>>> print(open('my_file-v5.txt').read())   # compact mmCIF, C-alpha atoms
# COMPACT_ATOMS: atom_id res chain seq x y z
CA MET G 13 32.86 -61.53 -49.44
CA THR G 14 31.60 -65.11 -49.73
CA THR G 15 33.71 -67.72 -51.50
CA ALA G 16 31.16 -67.97 -54.34
CA LEU G 17 31.09 -64.20 -54.89
CA TRP G 18 34.88 -64.02 -54.78
CA LEU G 19 35.17 -66.78 -57.36
CA TYR G 20 32.54 -65.06 -59.52
CA SER G 21 34.48 -61.79 -59.39
CA LEU G 22 37.88 -63.34 -60.10
CA PRO G 23 37.71 -63.21 -63.95
CA PHE G 24 36.66 -59.56 -63.84
CA MET G 25 39.43 -58.70 -61.37
CA THR G 26 41.99 -60.56 -63.50
CA ILE G 27 40.96 -58.76 -66.70
CA PHE G 28 40.83 -55.39 -64.94
CA GLY G 29 44.24 -56.03 -63.40
CA PHE G 30 45.72 -56.92 -66.80
CA TYR G 31 44.41 -53.76 -68.44
CA TRP G 32 45.56 -51.62 -65.49
CA TRP G 33 49.03 -53.18 -65.72
CA ARG G 34 49.23 -52.66 -69.48
CA HIS G 35 48.03 -49.06 -69.17
CA SER G 36 50.60 -48.40 -66.43
CA ILE G 37 53.44 -49.78 -68.54
CA ARG G 38 52.33 -47.72 -71.57
CA HIS G 39 52.13 -44.58 -69.44
CA ARG G 40 55.62 -45.02 -68.00
CA ASN G 41 57.20 -45.81 -71.38
CA SER G 42 55.46 -42.90 -73.14
CA ARG G 43 56.29 -40.46 -70.37
CA GLN G 44 59.97 -41.46 -70.53
CA ILE G 45 60.12 -41.09 -74.33
CA LEU G 46 58.52 -37.64 -74.14
CA ASP G 47 60.84 -36.53 -71.32
CA ASP G 48 63.87 -37.73 -73.30
CA ALA G 49 62.73 -35.80 -76.39
CA VAL G 50 62.26 -32.60 -74.39
CA ALA G 51 65.63 -33.01 -72.63
CA SER G 52 67.34 -33.46 -76.01
CA GLY G 53 65.56 -30.48 -77.57
CA LEU G 54 63.90 -32.79 -80.12
CA THR G 55 60.42 -31.29 -79.95
CA GLU G 56 59.97 -29.84 -83.44
CA PRO G 57 58.05 -32.00 -85.96
CA ALA G 58 59.49 -31.72 -89.46
CA SER G 59 56.21 -31.15 -91.30
CA LEU G 60 52.60 -32.29 -91.11
CA HIS G 61 51.86 -33.66 -87.62
CA PRO G 62 48.95 -34.35 -85.24
CA ILE G 63 47.57 -32.22 -82.43
CA VAL G 64 45.32 -34.16 -80.04
CA ASP G 65 42.21 -32.67 -78.45
CA HIS G 66 42.33 -34.26 -74.99
CA LEU G 67 38.71 -33.37 -74.30
CA ARG G 68 37.67 -35.69 -77.13
CA CYS G 69 40.40 -38.33 -76.80
CA LEU G 70 39.25 -41.40 -74.84
CA GLY G 71 42.60 -43.21 -75.01
CA CYS G 72 41.50 -46.07 -77.25
CA ALA G 73 45.01 -46.11 -78.82
CA GLY G 74 43.66 -46.72 -82.31
CA CYS G 75 45.82 -43.90 -83.64
CA ILE G 76 48.92 -45.42 -82.02
CA SER G 77 48.27 -48.75 -83.75
CA ALA G 78 47.58 -47.03 -87.09
CA CYS G 79 50.82 -45.02 -87.14
CA PRO G 80 53.38 -46.77 -89.40
CA GLU G 81 56.28 -45.28 -87.39
CA LYS G 82 57.28 -46.61 -83.96
CA GLU G 83 56.80 -44.62 -80.74
CA VAL G 84 55.53 -41.41 -82.34
CA LEU G 85 52.32 -41.39 -80.32
CA GLY G 86 51.87 -42.70 -76.79
CA LEU G 87 49.40 -42.86 -73.89
CA ILE G 88 50.00 -40.64 -70.86
CA HIS G 89 47.32 -40.59 -68.13
CA GLY G 90 44.92 -42.28 -70.55
CA LYS G 91 45.29 -39.65 -73.29
CA VAL G 92 47.27 -39.78 -76.53
CA HIS G 93 50.28 -37.48 -76.84
CA LEU G 94 52.83 -36.77 -79.57
CA ILE G 95 55.76 -38.19 -77.59
CA ASN G 96 58.43 -38.34 -80.29
CA PRO G 97 57.79 -35.34 -82.58
CA THR G 98 60.87 -35.73 -84.79
CA HIS G 99 59.86 -39.31 -85.67
CA CYS G 100 56.59 -38.06 -87.21
CA ILE G 101 56.90 -37.83 -91.00
CA GLY G 102 53.33 -36.89 -91.87
CA HIS G 103 51.56 -40.15 -92.74
CA GLY G 104 48.28 -38.77 -91.35
CA ALA G 105 46.99 -42.29 -90.61
CA CYS G 106 46.35 -41.32 -86.98
CA LYS G 107 43.61 -38.84 -87.89
CA THR G 108 41.84 -41.38 -90.10
CA ALA G 109 41.98 -44.03 -87.37
CA CYS G 110 40.58 -41.84 -84.56
CA PRO G 111 36.88 -42.71 -83.98
CA PHE G 112 36.30 -39.59 -81.84
CA ASP G 113 37.62 -36.95 -84.28
CA ALA G 114 40.16 -35.92 -81.64
CA ILE G 115 43.11 -35.40 -83.98
CA GLU G 116 43.85 -32.44 -86.21
CA LEU G 117 46.76 -32.45 -88.67
CA VAL G 118 48.70 -29.19 -88.71
CA PHE G 119 51.82 -27.66 -90.24
CA GLY G 120 54.54 -25.82 -88.37
CA THR G 121 54.71 -25.39 -84.61
CA GLU G 122 53.87 -22.65 -82.13
CA LYS G 123 57.38 -21.26 -82.69
CA ARG G 124 57.99 -22.06 -86.35
CA GLY G 125 55.43 -21.09 -88.94
CA VAL G 126 55.19 -22.67 -92.39
CA ASP G 127 54.02 -20.78 -95.47
CA ILE G 128 51.17 -22.75 -97.04
CA PRO G 129 48.97 -21.78 -100.00
CA GLN G 130 45.28 -21.59 -99.20
CA VAL G 131 43.76 -24.92 -100.28
CA HIS G 132 40.26 -26.30 -99.69
CA GLU G 133 39.35 -29.93 -98.93
CA ASP G 134 38.92 -30.66 -102.65
CA PHE G 135 42.47 -29.27 -103.24
CA GLN G 136 41.12 -26.19 -104.98
CA THR G 137 42.76 -22.89 -104.08
CA ASN G 138 40.98 -19.59 -103.51
CA VAL G 139 41.20 -19.19 -107.31
CA PRO G 140 38.42 -21.43 -108.71
CA GLY G 141 39.90 -23.90 -111.18
CA ILE G 142 43.46 -23.85 -109.83
CA PHE G 143 44.32 -26.80 -107.61
CA ILE G 144 47.38 -27.70 -105.52
CA ALA G 145 48.65 -31.15 -104.46
CA GLY G 146 51.77 -32.55 -102.86
CA GLU G 147 54.74 -30.84 -101.26
CA LEU G 148 53.68 -27.32 -102.26
CA GLY G 149 50.63 -27.75 -100.05
CA GLY G 150 52.77 -29.12 -97.23
CA MET G 151 52.31 -32.84 -97.97
CA GLY G 152 55.88 -34.02 -98.48
CA LEU G 153 55.63 -37.78 -97.91
CA ILE G 154 55.70 -39.53 -101.30
CA ARG G 155 52.70 -41.76 -100.58
CA ASN G 156 50.61 -38.81 -99.39
CA ALA G 157 51.67 -36.62 -102.32
CA ILE G 158 50.64 -39.32 -104.82
CA THR G 159 47.30 -39.78 -103.05
CA GLN G 160 46.65 -36.03 -103.11
CA GLY G 161 47.41 -35.86 -106.83
CA VAL G 162 44.90 -38.63 -107.51
CA GLN G 163 42.24 -37.08 -105.28
CA ALA G 164 42.72 -33.63 -106.82
CA VAL G 165 42.09 -35.02 -110.31
CA ASP G 166 38.92 -36.68 -109.04
CA SER G 167 37.72 -33.23 -107.93
CA ILE G 168 38.78 -31.66 -111.23
CA SER G 169 36.91 -34.25 -113.28
CA LYS G 170 33.68 -33.10 -111.62
CA LEU G 171 34.08 -29.41 -112.58
CA ASP G 172 31.50 -27.74 -114.77
CA GLY G 173 32.93 -27.04 -118.20
CA ILE G 174 35.16 -30.10 -118.52
CA GLY G 175 35.40 -30.74 -122.26
CA SER G 176 34.71 -27.11 -123.18
CA LYS G 177 38.35 -26.07 -123.66
CA ALA G 178 41.22 -27.32 -125.79
CA LEU G 179 42.43 -29.04 -122.62
CA ASP G 180 40.63 -30.17 -119.50
CA LEU G 181 43.72 -29.92 -117.33
CA VAL G 182 47.31 -28.72 -117.25
CA ILE G 183 49.39 -30.51 -114.61
CA VAL G 184 52.49 -28.57 -113.58
CA GLY G 185 55.23 -30.76 -112.12
CA ALA G 186 56.26 -34.41 -112.56
CA GLY G 187 57.18 -35.38 -109.01
CA PRO G 188 55.13 -37.87 -106.97
CA ALA G 189 51.98 -35.70 -106.91
CA GLY G 190 52.27 -34.86 -110.60
CA ILE G 191 52.81 -38.48 -111.62
CA GLY G 192 49.86 -39.65 -109.52
CA ALA G 193 47.68 -36.91 -110.98
CA SER G 194 48.76 -37.66 -114.54
CA LEU G 195 47.92 -41.35 -114.21
CA ALA G 196 44.57 -40.46 -112.65
CA ALA G 197 43.86 -38.06 -115.53
CA MET G 198 44.67 -40.82 -118.03
CA SER G 199 42.37 -43.20 -116.16
CA ALA G 200 39.56 -40.60 -116.17
CA ARG G 201 40.11 -40.01 -119.90
CA LEU G 202 40.71 -36.30 -119.41
CA ASN G 203 42.38 -34.28 -122.15
CA PHE G 204 45.48 -33.06 -120.33
CA VAL G 205 49.16 -32.20 -120.56
CA THR G 206 51.87 -32.60 -117.90
CA LEU G 207 54.66 -30.02 -117.83
CA GLU G 208 57.97 -30.38 -115.97
CA GLN G 209 60.58 -27.62 -115.98
CA GLU G 210 63.41 -30.10 -115.38
CA SER G 211 63.20 -33.90 -115.40
CA LEU G 212 60.95 -36.74 -114.24
CA GLY G 213 60.91 -37.16 -110.47
CA GLY G 214 60.70 -33.59 -109.24
CA THR G 215 62.57 -33.04 -105.98
CA VAL G 216 63.68 -36.69 -105.88
CA SER G 217 65.72 -36.19 -109.05
CA HIS G 218 67.79 -33.60 -107.17
CA TYR G 219 68.68 -35.93 -104.32
CA PRO G 220 72.35 -36.94 -104.02
CA ARG G 221 73.51 -40.24 -105.47
CA GLY G 222 72.42 -43.21 -103.36
CA LYS G 223 70.16 -41.22 -101.05
CA ILE G 224 67.69 -43.36 -99.10
CA VAL G 225 64.08 -42.38 -99.83
CA MET G 226 61.33 -43.19 -97.32
CA THR G 227 57.78 -43.75 -98.48
CA ALA G 228 54.92 -46.19 -97.95
CA PRO G 229 53.02 -48.56 -100.24
CA VAL G 230 50.44 -46.85 -102.43
CA LYS G 231 48.26 -47.78 -105.40
CA LEU G 232 48.91 -45.91 -108.63
CA PRO G 233 46.13 -45.61 -111.23
CA LEU G 234 46.83 -47.81 -114.29
CA ALA G 235 50.21 -48.87 -112.88
CA GLY G 236 49.21 -50.90 -109.82
CA ARG G 237 50.71 -50.92 -106.37
CA MET G 238 54.04 -49.31 -105.47
CA HIS G 239 55.43 -51.49 -102.66
CA PHE G 240 58.44 -49.44 -101.50
CA ARG G 241 58.87 -48.43 -97.86
CA GLU G 242 62.53 -47.51 -98.07
CA THR G 243 64.50 -47.38 -101.29
CA THR G 244 67.20 -45.39 -103.08
CA LYS G 245 66.79 -42.39 -105.32
CA GLU G 246 67.98 -44.39 -108.33
CA THR G 247 65.59 -47.31 -107.74
CA LEU G 248 62.63 -44.98 -107.33
CA LEU G 249 63.45 -43.03 -110.50
CA ASP G 250 63.85 -46.31 -112.41
CA PHE G 251 60.44 -47.39 -111.13
CA TRP G 252 58.84 -44.17 -112.36
CA GLU G 253 60.58 -44.47 -115.72
CA GLY G 254 59.01 -47.92 -116.00
CA VAL G 255 55.58 -46.54 -115.09
CA VAL G 256 55.88 -43.89 -117.81
CA LYS G 257 56.94 -46.46 -120.39
CA ASN G 258 54.34 -49.11 -119.47
CA THR G 259 51.38 -46.73 -119.31
CA GLY G 260 52.34 -44.55 -122.26
CA LEU G 261 52.25 -41.44 -120.09
CA LYS G 262 53.68 -38.41 -121.86
CA ILE G 263 55.51 -35.73 -119.87
CA ASN G 264 56.79 -32.52 -121.43
CA VAL G 265 60.17 -32.18 -119.69
CA ASN G 266 62.28 -29.01 -119.82
CA GLU G 267 59.14 -26.92 -120.26
CA ARG G 268 58.70 -24.27 -117.57
CA VAL G 269 55.44 -22.45 -116.87
CA GLU G 270 55.85 -18.68 -116.99
CA THR G 271 52.34 -17.34 -116.40
CA ILE G 272 48.83 -18.55 -115.64
CA ALA G 273 46.10 -16.07 -116.54
CA PRO G 274 42.28 -16.32 -116.30
CA ASP G 275 40.60 -16.86 -119.65
CA GLY G 276 36.82 -17.00 -119.45
CA ASN G 277 35.81 -20.21 -117.69
CA GLY G 278 39.41 -21.44 -117.63
CA PHE G 279 43.02 -20.36 -117.98
CA HIS G 280 45.69 -19.43 -120.48
CA VAL G 281 48.98 -21.11 -119.51
CA LYS G 282 52.12 -19.68 -121.11
CA THR G 283 55.34 -21.71 -121.01
CA THR G 284 58.86 -21.50 -122.39
CA GLN G 285 57.73 -23.74 -125.26
CA GLY G 286 54.25 -22.46 -126.10
CA SER G 287 50.80 -21.87 -124.57
CA TYR G 288 47.71 -23.86 -123.58
CA GLN G 289 44.02 -23.14 -123.10
CA THR G 290 42.67 -25.23 -120.23
CA ARG G 291 39.66 -25.55 -117.95
CA ALA G 292 41.77 -26.29 -114.84
CA VAL G 293 45.35 -26.21 -113.58
CA LEU G 294 46.92 -28.51 -110.98
CA LEU G 295 50.13 -27.22 -109.38
CA ALA G 296 52.34 -30.07 -108.16
CA ILE G 297 55.58 -28.08 -108.23
CA GLY G 298 57.00 -28.80 -104.78
CA ARG G 299 58.46 -26.29 -102.36
CA ARG G 300 62.08 -26.11 -103.53
CA GLY G 301 61.64 -22.73 -105.14
CA THR G 302 64.78 -20.63 -104.76
CA PRO G 303 67.45 -21.97 -102.38
CA ARG G 304 67.65 -20.04 -99.10
CA THR G 305 70.98 -18.22 -98.95
CA LEU G 306 73.15 -17.23 -95.99
CA GLY G 307 73.53 -13.56 -96.92
CA VAL G 308 77.21 -13.40 -95.93
CA PRO G 309 80.29 -11.99 -97.68
CA GLY G 310 81.81 -14.41 -100.17
CA GLU G 311 78.69 -16.50 -100.70
CA ASN G 312 78.67 -15.71 -104.41
CA THR G 313 81.94 -17.58 -105.03
CA THR G 314 81.87 -20.68 -107.22
CA LYS G 315 82.81 -23.01 -104.35
CA VAL G 316 79.40 -22.41 -102.72
CA VAL G 317 76.56 -24.70 -103.87
CA TYR G 318 73.05 -25.41 -102.55
CA ARG G 319 72.70 -29.15 -103.03
CA LEU G 320 74.90 -32.22 -103.01
CA ILE G 321 75.05 -34.25 -106.21
CA ASP G 322 78.01 -36.62 -105.77
CA PRO G 323 80.01 -36.93 -102.52
CA HIS G 324 82.97 -38.36 -104.41
CA GLN G 325 83.74 -34.98 -105.99
CA TYR G 326 84.90 -33.74 -102.57
CA VAL G 327 87.66 -36.32 -102.01
CA ASN G 328 90.69 -34.78 -100.23
CA GLN G 329 88.89 -31.48 -99.64
CA HIS G 330 87.92 -29.38 -96.60
CA VAL G 331 84.11 -29.14 -96.79
CA LEU G 332 81.60 -27.11 -94.78
CA VAL G 333 77.95 -28.19 -94.76
CA VAL G 334 75.43 -25.66 -93.41
CA GLY G 335 71.98 -26.69 -92.15
CA GLY G 336 70.16 -28.92 -89.70
CA GLY G 337 67.62 -30.80 -91.77
CA ASP G 338 67.86 -34.23 -93.35
CA SER G 339 69.55 -32.97 -96.53
CA ALA G 340 72.33 -31.29 -94.51
CA LEU G 341 72.94 -34.30 -92.26
CA GLU G 342 72.90 -36.73 -95.18
CA ALA G 343 75.33 -34.55 -97.15
CA ALA G 344 77.74 -34.21 -94.23
CA VAL G 345 77.80 -37.95 -93.48
CA SER G 346 78.11 -39.06 -97.10
CA ILE G 347 81.04 -36.69 -97.74
CA ALA G 348 82.68 -37.74 -94.46
CA ASN G 349 82.64 -41.31 -95.78
CA GLU G 350 84.93 -40.29 -98.66
CA ALA G 351 88.68 -40.74 -98.24
CA GLY G 352 90.75 -37.76 -97.20
CA THR G 353 87.88 -35.35 -96.54
CA THR G 354 87.64 -32.97 -93.60
CA VAL G 355 83.96 -32.20 -92.98
CA THR G 356 82.38 -29.62 -90.68
CA LEU G 357 78.63 -29.40 -90.10
CA SER G 358 77.37 -26.01 -88.91
CA TYR G 359 73.85 -25.47 -87.57
CA ARG G 360 72.36 -22.39 -85.93
CA SER G 361 70.20 -24.24 -83.37
CA GLU G 362 71.06 -26.44 -80.39
CA ALA G 363 69.52 -29.67 -81.72
CA PHE G 364 68.76 -31.34 -85.07
CA SER G 365 65.06 -31.29 -84.27
CA ARG G 366 63.92 -31.35 -87.93
CA ALA G 367 65.97 -34.40 -88.95
CA LYS G 368 65.01 -38.06 -88.88
CA GLU G 369 66.44 -40.20 -86.10
CA LYS G 370 68.38 -42.37 -88.56
CA ASN G 371 70.29 -39.35 -89.81
CA ARG G 372 70.96 -38.03 -86.30
CA ILE G 373 72.39 -41.43 -85.33
CA LYS G 374 74.69 -41.42 -88.39
CA VAL G 375 75.94 -37.93 -87.53
CA ASP G 376 76.62 -38.94 -83.93
CA LYS G 377 78.56 -41.99 -85.10
CA ALA G 378 80.63 -40.02 -87.62
CA GLU G 379 81.42 -37.41 -84.96
CA ARG G 380 82.49 -40.06 -82.42
CA GLU G 381 84.74 -41.66 -85.02
CA GLY G 382 86.39 -38.32 -85.78
CA ARG G 383 85.17 -38.18 -89.38
CA LEU G 384 82.87 -35.21 -88.81
CA ARG G 385 83.06 -32.01 -86.77
CA VAL G 386 79.70 -30.67 -85.57
CA LEU G 387 79.27 -27.02 -84.55
CA MET G 388 75.88 -26.39 -82.94
CA CYS G 389 74.54 -22.87 -82.26
CA SER G 390 76.90 -21.59 -84.95
CA ASN G 391 76.58 -19.20 -87.90
CA VAL G 392 78.74 -18.60 -90.95
CA LYS G 393 80.10 -15.04 -90.91
CA GLU G 394 82.33 -14.92 -93.99
CA ILE G 395 83.52 -17.10 -96.87
CA THR G 396 86.92 -16.47 -98.46
CA ASP G 397 88.88 -18.30 -101.16
CA ASP G 398 90.46 -20.78 -98.76
CA LYS G 399 88.78 -20.15 -95.38
CA VAL G 400 85.40 -19.91 -93.67
CA VAL G 401 84.76 -17.79 -90.58
CA ILE G 402 82.14 -19.25 -88.23
CA SER G 403 80.64 -17.69 -85.11
CA THR G 404 80.26 -20.17 -82.22
CA PRO G 405 79.34 -19.89 -78.52
CA ASP G 406 83.09 -20.08 -77.78
CA GLY G 407 84.03 -17.32 -80.22
CA GLU G 408 84.86 -17.06 -83.92
CA LEU G 409 86.60 -19.88 -85.77
CA SER G 410 88.54 -19.60 -89.01
CA ILE G 411 88.85 -23.00 -90.69
CA ASP G 412 90.40 -24.24 -93.93
CA ASN G 413 87.83 -24.63 -96.67
CA ASP G 414 87.60 -25.77 -100.28
CA ALA G 415 83.83 -26.10 -100.63
CA VAL G 416 80.60 -24.96 -98.94
CA ILE G 417 77.27 -26.77 -99.30
CA VAL G 418 74.30 -24.77 -98.01
CA CYS G 419 71.30 -26.97 -97.16
CA ALA G 420 69.05 -24.34 -95.58
CA GLY G 421 65.90 -25.20 -97.49
CA GLY G 422 64.12 -23.34 -100.23
CA ILE G 423 61.99 -20.24 -100.40
CA LEU G 424 58.38 -20.94 -101.36
CA PRO G 425 57.65 -19.68 -104.91
CA THR G 426 55.33 -17.07 -103.38
CA PRO G 427 55.69 -14.43 -106.16
CA PHE G 428 54.59 -16.97 -108.78
CA LEU G 429 51.65 -18.10 -106.64
CA LYS G 430 50.55 -14.54 -105.92
CA SER G 431 50.81 -13.64 -109.60
CA THR G 432 48.07 -16.20 -110.24
CA GLY G 433 45.95 -14.80 -107.38
CA ILE G 434 46.63 -17.65 -104.92
CA GLU G 435 46.68 -16.57 -101.28
CA VAL G 436 49.57 -17.77 -99.10
CA GLU G 437 49.34 -17.85 -95.32
CA THR G 438 51.80 -18.67 -92.53
CA LYS G 439 50.43 -21.53 -90.47
CA PHE G 440 51.51 -22.32 -86.93
CA GLY G 441 51.04 -25.66 -85.18
CA THR G 442 48.16 -24.66 -82.94
CA ALA G 443 44.82 -26.38 -82.91
>>> encode(input="my_file-v5.txt", output="structure tokens")
Amino acid sequence: MTTALWLYSLPFMTIFGFYWWRHSIRHRNSRQILDDAVASGLTEPASLHPIVDHLRCLGCAGCISACPEKEVLGLIHGKVHLINPTHCIGHGACKTACPFDAIELVFGTEKRGVDIPQVHEDFQTNVPGIFIAGELGGMGLIRNAITQGVQAVDSISKLDGIGSKALDLVIVGAGPAGIGASLAAMSARLNFVTLEQESLGGTVSHYPRGKIVMTAPVKLPLAGRMHFRETTKETLLDFWEGVVKNTGLKINVNERVETIAPDGNGFHVKTTQGSYQTRAVLLAIGRRGTPRTLGVPGENTTKVVYRLIDPHQYVNQHVLVVGGGDSALEAAVSIANEAGTTVTLSYRSEAFSRAKEKNRIKVDKAEREGRLRVLMCSNVKEITDDKVVISTPDGELSIDNDAVIVCAGGILPTPFLKSTGIEVETKFGTA
């Protein structure tokens, strides 16, 4: 090679060398993160998550840059992989950012199916006129649930027959999706009513005192931008109370829907307080349904509850927390922080694969400090007045116990959905 040609090629070689070096570093880092996740058994995404079609993926890394969480996606051999599954909390920004349509968002995994109502792209179910948004449809992140509620109302406002009934829309639920939908309905000047069987906030209102809530900034119709990324339950509820007051939004609390029946080109909605004739219904009722029980002797005693309200009530008590998700880990740690408590956390699997990293770190710290006992691969066998019998890999344990908190999730309100004609299917995380 002549000197002139070598000098001419130098910029290209330098740029190529830089990109090769950067790609090599990314590959090694991503490979290590994925290997660590597999070795720790942390391979189960908690909810909505991406599957990458490697035939379409060209490794541009746009999805990696778009993801608000750190080190969820990474490049391995020039293709994007989900390298840290338990860090994925369902933003869905990766799919939007991919220019090659190489990403599909799915629920569940190959091993763990998730029951999801059948919902079309416009959020309409298989029953024309009944729509679903938010956690019930699998979209648990607050920002995403709000966005779905707004988008669903946009679809509803375009239905034939709007204005032909006493109401255009009945919104069921006043959690994030229901609030977003209600504000969108006000903005669109629809004639609607919002019904909530309990209180404003939906699932969030049931969180324990001081619980940290993760979300992302989102624009609310009529109310402007919600800037939170991480906040407390109380702050978020106060914010929503302010939105209701400032916009004049009316929510019928303590009014539970009993039946939804077809009525011509619309529906007859019967509640505990009355009935409504409406063109469309939007279900934003969440997935709490009925708490999942353990099915063991003694579970019907009064010391067994299915959610934590205030950790302070367990001061100087022996407490067992059952479950491996975020609610279980948060309950165990918060109670362990109270003076004089003895806390045991029992989980049937070998890793907290469905919990956020922050909560796993807190559990590890509490266990190292002797404030929390963790029993993996364990199952409760019996609950008595002052004891709990737990099956472990090393045999059965009988431990002192004053209270049991079961955080094993909820059963989807399938009977109610099926009574309205909505089809429910079990979805597995396969592309």
>>> closest_residue(input="my_file-v5.txt", among="G:Thr244, G:Ile158, G:Lys262, G:Arg304", to="Lys231 of chain G", atoms="all atoms listed in the file")
G:Ile158
>>> residues_around(input="my_file-v5.txt", residues="segment 193-201 of chain G", least_positions_apart="4", cutoff="6 Å", atoms="all atoms listed in the file", output="list in words")
Gly161, Val162, Val165 and Pro233 of chain G
>>> closest_residue(input="my_file-v5.txt", among="G:Asp414, G:Glu435, G:Asp250, G:Asp113", to="Ile142 of chain G", atoms="only C-alpha atoms")
G:Glu435
>>> closest_atom_pairs(input="my_file-v5.txt", of="segment 261-284 of chain G", to="segment 170-174 of chain G", cutoff="12 Å", atoms="all atoms listed in the file", output="JSON lines")
{"residue": "G:Gly276", "atom": "CA", "partner": "G:Gly173", "partner_atom": "CA", "distance": 10.8}
{"residue": "G:Asn277", "atom": "CA", "partner": "G:Gly173", "partner_atom": "CA", "distance": 7.4}
{"residue": "G:Gly278", "atom": "CA", "partner": "G:Gly173", "partner_atom": "CA", "distance": 8.6}
>>> atom_distance(input="my_file-v5.txt", atom1="atom CA of Gly104 of chain G", atom2="atom CA of Ile183 of chain G")
24.7 Å
>>> atom_distance(input="my_file-v5.txt", atom1="atom CA of Pro303 of chain G", atom2="atom CA of Val418 of chain G")
8.6 Å
>>> closest_residue(input="my_file-v5.txt", among="G:Gly260, G:Ile402, G:Ile347, G:Arg268", to="Leu234 of chain G", atoms="only C-alpha atoms")
G:Gly260
>>> closest_residue(input="my_file-v5.txt", among="G:Pro405, G:Gly298, G:Pro309, G:Gly175", to="Ile128 of chain G", atoms="only C-alpha atoms")
G:Gly298
>>> atom_distance(input="my_file-v5.txt", atom1="atom CA of Leu46 of chain G", atom2="atom CA of Met388 of chain G")
22.5 Å
>>> residues_around(input="my_file-v5.txt", residues="Pro427 of chain G", least_positions_apart="6", cutoff="10 Å", atoms="all atoms listed in the file", output="VMD selection string")
chain G and resid 433 to 434 436
>>> decode(input="my_file-v5.txt", residues="segment 133-145 of chain G", atoms="N, CA and C atoms", output="PDB file, in the first residue's frame")
ATOM      1  N   GLU G 133     -56.916  -4.105  18.533  1.00  0.00           N
ATOM      2  CA  GLU G 133     -56.010  -2.951  18.566  1.00  0.00           C
ATOM      3  C   GLU G 133     -56.710  -1.668  19.002  1.00  0.00           C
ATOM      4  N   ASP G 134     -58.017  -1.583  18.783  1.00  0.00           N
ATOM      5  CA  ASP G 134     -58.754  -0.382  19.202  1.00  0.00           C
ATOM      6  C   ASP G 134     -59.284  -0.519  20.629  1.00  0.00           C
ATOM      7  N   PHE G 135     -58.850  -1.600  21.344  1.00  0.00           N
ATOM      8  CA  PHE G 135     -59.220  -1.894  22.728  1.00  0.00           C
ATOM      9  C   PHE G 135     -60.632  -2.439  22.872  1.00  0.00           C
ATOM     10  N   GLN G 136     -61.258  -2.768  21.751  1.00  0.00           N
ATOM     11  CA  GLN G 136     -62.577  -3.383  21.781  1.00  0.00           C
ATOM     12  C   GLN G 136     -62.431  -4.894  21.949  1.00  0.00           C
ATOM     13  N   THR G 137     -63.280  -5.478  22.763  1.00  0.00           N
ATOM     14  CA  THR G 137     -63.253  -6.919  22.976  1.00  0.00           C
ATOM     15  C   THR G 137     -63.993  -7.613  21.840  1.00  0.00           C
ATOM     16  N   ASN G 138     -64.147  -8.935  21.975  1.00  0.00           N
ATOM     17  CA  ASN G 138     -64.926  -9.673  20.981  1.00  0.00           C
ATOM     18  C   ASN G 138     -66.410  -9.326  21.041  1.00  0.00           C
ATOM     19  N   VAL G 139     -66.824  -8.639  22.110  1.00  0.00           N
ATOM     20  CA  VAL G 139     -68.200  -8.137  22.217  1.00  0.00           C
ATOM     21  C   VAL G 139     -68.204  -6.691  21.729  1.00  0.00           C
ATOM     22  N   PRO G 140     -68.751  -6.411  20.558  1.00  0.00           N
ATOM     23  CA  PRO G 140     -68.742  -5.040  20.024  1.00  0.00           C
ATOM     24  C   PRO G 140     -69.372  -4.055  21.009  1.00  0.00           C
ATOM     25  N   GLY G 141     -68.635  -2.991  21.307  1.00  0.00           N
ATOM     26  CA  GLY G 141     -69.144  -1.977  22.220  1.00  0.00           C
ATOM     27  C   GLY G 141     -68.592  -2.074  23.625  1.00  0.00           C
ATOM     28  N   ILE G 142     -67.953  -3.200  23.960  1.00  0.00           N
ATOM     29  CA  ILE G 142     -67.305  -3.334  25.272  1.00  0.00           C
ATOM     30  C   ILE G 142     -65.794  -3.283  25.068  1.00  0.00           C
ATOM     31  N   PHE G 143     -65.162  -2.359  25.753  1.00  0.00           N
ATOM     32  CA  PHE G 143     -63.733  -2.109  25.604  1.00  0.00           C
ATOM     33  C   PHE G 143     -63.010  -2.421  26.923  1.00  0.00           C
ATOM     34  N   ILE G 144     -61.713  -2.671  26.827  1.00  0.00           N
ATOM     35  CA  ILE G 144     -60.891  -2.947  28.006  1.00  0.00           C
ATOM     36  C   ILE G 144     -59.600  -2.140  27.903  1.00  0.00           C
ATOM     37  N   ALA G 145     -59.181  -1.534  29.027  1.00  0.00           N
ATOM     38  CA  ALA G 145     -57.915  -0.799  29.072  1.00  0.00           C
ATOM     39  C   ALA G 145     -57.252  -1.019  30.419  1.00  0.00           C
TER      40      ALA G 145
END
